[in-house]
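I have placed the structure first, in the form of structure tokens, so that the comments after it can refer back to it.
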Amino acid sequence: MANRMSKAEFIALIAMMFATIAFSIDSMLPALPEIGAQLSPDDVNRAQLILTSFVLGMGIGTFFTGPISDAIGRKPVIFGGAALYILASAVAWASSSLELVLAARVVQGLGAAGPRVVAMAIIRDLYSGREMARIISIAMMIFTLVPAIAPMLGAGVIALFGWRGIFVSFILFALIVITWMGIRLPESLASENRRPFRLPLMIAATQEMFAHSTVRLSIMVQTLCMGILFTMLTMVQPIYDVVHGSADSFPFWFGFVALMSGSASLLNAALVVRVGMRRMVTWALGAQIMITALVIALNRVDLSPDASFALFVFWQTTIFFMAGVTMGNLNAIAMEPMGHIAGMAASVIGSVATVLAAAIAAPVGLLFDGSLTPLTTGILTMCVIAFGLMVHMGRIENRLPA
């Protein structure tokens with residue numbers, strides 16, 4: 001690989017693969033009002049399902065893409081996923097009904113699961129130890145910039161070409177990634193290192209994981225934290241538009257919030273060794289309960305429009321910040337006892353948590369009634385349940401022998 005692709009180029013390619021997910025979700029946010037008005041005029045809220053349908057497909061695909069790439073190689077899975085992604089984008093572009101767009105988005109999510117999972121496997125194939133961790137951290141740092149700029153990119157495409165133009169941009173993005181990878185990156189998994197795909201082994205791994213109390217609780221809390229994040233994402237654009245009348249400035253505020261909340265990983269890195277993963281998650285959820293309760297209380301007061309808007313931007317930032325603190329720690333907690341089936345466990349954890357989180361966020365998002373109440377109530381409920389599960393996890397750990 002070193003003869004054909006420099007390390008800097010490799011990191012840039014991997015970052016683009018990671019960015020597929022954020023670009024596919026966040027760039028759609030400015031398009032929701034126009035799509036709802038055109039394809040679902042009787043219930044514009046249904047346009048929010050464009051986000052959760054993609055996440056649902058991605059979660060299902062995550063279950064299979066890792067093990068399949070172990071069996072047939074990394075590049076065929078990414079090429080196959082890209083073909084699905086491009087085909088689904090073309091169908092969504094040509095669709096005249098919301099139902100067909102939603103079906104296409106599920107298939108698009110299935111295709112996007114390829115780069116989401118396999119990019120990490122490619123890094124594992126080519127690097128190890130601290131060098132692997134360094135490459136992942138640099139790629140993820142680049143990746144964190146995508147949510148900040150994706151809504152602005154989406155708004156720009158809509159202004160020039162309408163909402164259907166976003167699906168054309170998805171096709172172009174995918175073509176750039178697979179062309180770059182196809183020409184410059186050799187297959188990273190040698191034939192002798194491949195393992196046959198066996199569905200019974202995946203089922204057995206899933207059963208083993210859910211039989212382990214700490215792993216089971218961690219997956220449940222990760223589901224709720226992802227549910228909180230997805231619920232915020234599905235409702236955030238309508239709230240800027242309907243509640244605060246700030247649809248035009250939404251992409252800029254969303255980018256600002258994404259950049260501010262990106263510091264969560266720095267805080268977590270500084271504290272997690274001393275505090276521990278479980279405490280970090282528990283404290284983050286406890287803080288979010290208090291902040292969300294305060295937001296609910298202040299929204300019952302007659303605040304000025306500017307104060308109300310500032311309060312929401314602050315709360316949105318804390319939600320994204322909480323996700324940044326909790327997700328990695330919860331994944332690490334779940335993976336710790338599963339070292340003997342690490343690759344399969346990673347696929348199962350990602351798939352189960354993502355699918356269930358989408359199933360939670362979709363109906364909550366449809367409850368939007370022109371106020372913050374469904375969002376604040378839904379997120380507070382999920383935070384309280386997740387906090388209770390983390391407290392229970394702590395009690396289980398305290399009962400374990402030292």
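Scheme for the structure tokens: letters A, B, ... for chains in order shown; per-chain residue numbers from 1; ligand numbers from 1 in order shown.
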
Excluding Pro41 of chain A and its own-chain neighbours fewer than 6 positions away, which residues fall within 12 Å of it when counting only C-alpha atoms? Please give them as a list in words.
Leu32, Pro33, Glu34, Ile35, Ala47, Ser97 and Leu98 of chain A

Could you please take those selected residues and save C-alpha atoms as a CSV table (one decimal), in the first residue's frame?
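Saved as selection.csv:
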chain,number,residue,atom,x,y,z
A,32,LEU,CA,-37.3,18.5,4.8
A,33,PRO,CA,-39.8,21.4,4.5
A,34,GLU,CA,-39.8,21.4,0.7
A,35,ILE,CA,-40.0,17.6,0.5
A,47,ALA,CA,-40.8,14.1,5.8
A,97,SER,CA,-44.3,9.8,-3.7
A,98,LEU,CA,-42.8,10.0,-0.2

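Excluding Thr223 of chain A itself and any same-chain residue fewer than 5 positions from it, the protein and nucleic acid residues within 8 Å of it, counting only C-alpha atoms, are Val352, Ala353, Thr354, Leu356 and Ala357 of chain A.
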
Mind dumping the selected residues with C-alpha atoms as a PDB file, in the first residue's frame?
ATOM      1  CA  VAL A 352     -28.926  -3.545  17.254  1.00  0.00           C
ATOM      2  CA  ALA A 353     -28.414  -0.100  18.810  1.00  0.00           C
ATOM      3  CA  THR A 354     -28.923   1.751  15.510  1.00  0.00           C
ATOM      4  CA  LEU A 356     -33.735   0.197  17.853  1.00  0.00           C
ATOM      5  CA  ALA A 357     -32.755   3.874  18.151  1.00  0.00           C
TER       6      ALA A 357
END

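Between atom CA of Ala139 of chain A and atom CA of Arg116 of chain A the interatomic distance comes to 12.5 Å.
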
Using only C-alpha atoms, which protein or nucleic acid residues come within 10 Å of Met209 of chain A? Drop anything in the same chain fewer than 2 positions from it, and give the result as a ChimeraX atom specification.
/A:203-207,211-216,219,334-335,337-338,341,345,348-349

Rank A:Met202, A:Ile158, A:Ile21, A:Ile396 by their smallest atom-to-atom distance to Ala346 of chain A, using only C-alpha atoms, and report the top residue only.
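Distance minimum relative to Ala346 of chain A lands on A:Met202.
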
Quick one: of A:Ala37, A:Met5, A:Met344, A:Ile239, who's nearest to Ser308 of chain A, counting only C-alpha atoms?
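For Ser308 of chain A, the nearest of the candidates is A:Ile239.
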